[in-house]
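A.B. asks: Let me give you the structure first, and then I'll get to my questions.
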Amino acid sequence: METQDYANPLPAKRRHKSLSQGLVESISNNIKNGILKPGEKLPTESAIMTLYDVSRTVVREAISHLQAAGLVQTRHGIGTFILEPSQAASTGMLREAIVTVRDVLDILELRISLETEAAWLAASRRTEEQALALGKALEDILANKTEENASINADVRFHLLIAQSTGNRYFVDILSNLGTTIIPRARLKSAMLTLEGSNSNNSSTSYLERVNREHEDIYLAIQRKDPEAARAAMRTHLSNSRERLRQAQQRIEAPTI
């Protein structure tokens, strides 16, 4: 299907929403209304940028949201495709089951075993294009220290890009199905995840600086094609994330006197 059959300008109300959310809504509506059909391939990033007059970052964030919602699936080296309704429903089941902090802790245990190997494979197999995309995702994480939602979206994209760099679509499928639930601060404010347990801005900043350093270590290992360092950096990051979340849970559940 030609892209002009369904690509419409983003609505004027986009001023009151993020551009990525407006793009998500536009594509989602086209899927729900049958304009975009299961099995069809979305246009390239460049084509979507032109059609909707948005940046590449906006397109990537929107695709990440659509993947997290189970509406599309990206196949490395091929493109992004619309999922069958039954597939979309099943991909959301695991994500919808993640409700409590305990659920997120359990997911982090799964991710430690899954993503440490994904990082190893990514460092072994990544292409130059994938390394550049990963570096851009890292830049977006670092640039949005005070914008929680933008930082979370970039964080999700960072981990999905590592999964894509493995060349194994099942890594991508699992992480895409989990959506933003893979990011602990998508469930708790950053201040609650500080090891100090303080709600101050300084503590939140300190927490984000630690997380950002961990992301940088992962990126640098993958960029220089060092599988063992990438595996170790990912394990450190996810283990630290689990410990921060565990301590946050203890503070939340602590009885008040």
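So you can find residues: chains in the structure tokens are A, B, ... in the order shown, residues in each start at 1, and ligands are numbered from 1 in order.
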With only C-alpha atoms counted and 6 Å as the cut-off, give the residues of range 216-243 of chain A in contact with range 106-122 of chain A, each with its shortest interatomic distance in Å and the pair that gives it, as JSON lines.

C.D. replies:
```
{"residue": "A:Pro227", "atom": "CA", "partner": "A:Trp120", "partner_atom": "CA", "distance": 4.3}
{"residue": "A:Ala230", "atom": "CA", "partner": "A:Ala119", "partner_atom": "CA", "distance": 5.5}
{"residue": "A:Arg231", "atom": "CA", "partner": "A:Thr116", "partner_atom": "CA", "distance": 4.7}
{"residue": "A:Met234", "atom": "CA", "partner": "A:Thr116", "partner_atom": "CA", "distance": 5.4}
{"residue": "A:Arg235", "atom": "CA", "partner": "A:Thr116", "partner_atom": "CA", "distance": 5.6}
{"residue": "A:Leu238", "atom": "CA", "partner": "A:Ile112", "partner_atom": "CA", "distance": 5.9}
```

A.B. asks: Could the residues in this selection be written to a file with C-alpha atoms, as a CSV table (one decimal), in the first residue's frame?

C.D. replies:
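Output file part.csv is given in full below:
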```
chain,number,residue,atom,x,y,z
A,227,PRO,CA,31.4,-8.8,24.6
A,230,ALA,CA,29.2,-5.5,27.7
A,231,ARG,CA,27.9,-8.5,29.5
A,234,MET,CA,24.7,-4.9,31.7
A,235,ARG,CA,24.7,-7.2,34.7
A,238,LEU,CA,20.4,-4.4,36.0
```

A.B. asks: For Gly135 in chain A, please output as a list of chain:residue names all residues within 9 Å (counting only C-alpha atoms; exclusion window: fewer than 6 positions along the same chain).

C.D. replies: A:Phe158, A:Glu216, A:Tyr219, A:Leu220, A:Gln223

A.B. asks: Enter the distance from CA of Leu161 in chain A to CA of Asp173 in chain A, in Å, rounded to one decimal.

C.D. replies: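 According to the coordinates, CA of Leu161 in chain A and CA of Asp173 in chain A are separated by 11.9 Å.
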
A.B. asks: Could you tell me which of A:Leu42, A:Thr74, A:Ala62, A:Leu19 comes closest to Arg169 in chain A if we count only C-alpha atoms?

C.D. replies: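 Smallest separation from Arg169 in chain A among the options: A:Thr74.
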
A.B. asks: Work out how far CA of Leu66 in chain A is from CA of Lys32 in chain A, in Å to one decimal.

C.D. replies: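 One can read the CA of Lys32 in chain A to CA of Leu66 in chain A distance as 12.5 Å.
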
A.B. asks: For Ala154 in chain A, please output as a PyMOL selection string all residues within 8 Å (counting only C-alpha atoms; exclusion window: fewer than 5 positions along the same chain).

C.D. replies: chain A and resi 61+137-138+140-141

A.B. asks: Using only C-alpha atoms, which of A:Asp155, A:Asp53, A:Glu228, A:Glu40 sits nearest Gln73 in chain A?

C.D. replies: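 Ranking A:Asp155, A:Asp53, A:Glu228, A:Glu40 by distance to Gln73 in chain A, first place goes to A:Glu40.
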
A.B. asks: One number please: CA of Gln247 in chain A to CA of Asp103 in chain A, in Å, one decimal.

C.D. replies: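 It comes out at 14.6 Å.
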
A.B. asks: With distances taken over only C-alpha atoms, which of A:Ala248, A:Thr166, A:Asn212, A:Arg224 is nearest to His76 in chain A?

C.D. replies: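 Using only C-alpha atoms, the shortest distance to His76 in chain A belongs to A:Thr166.
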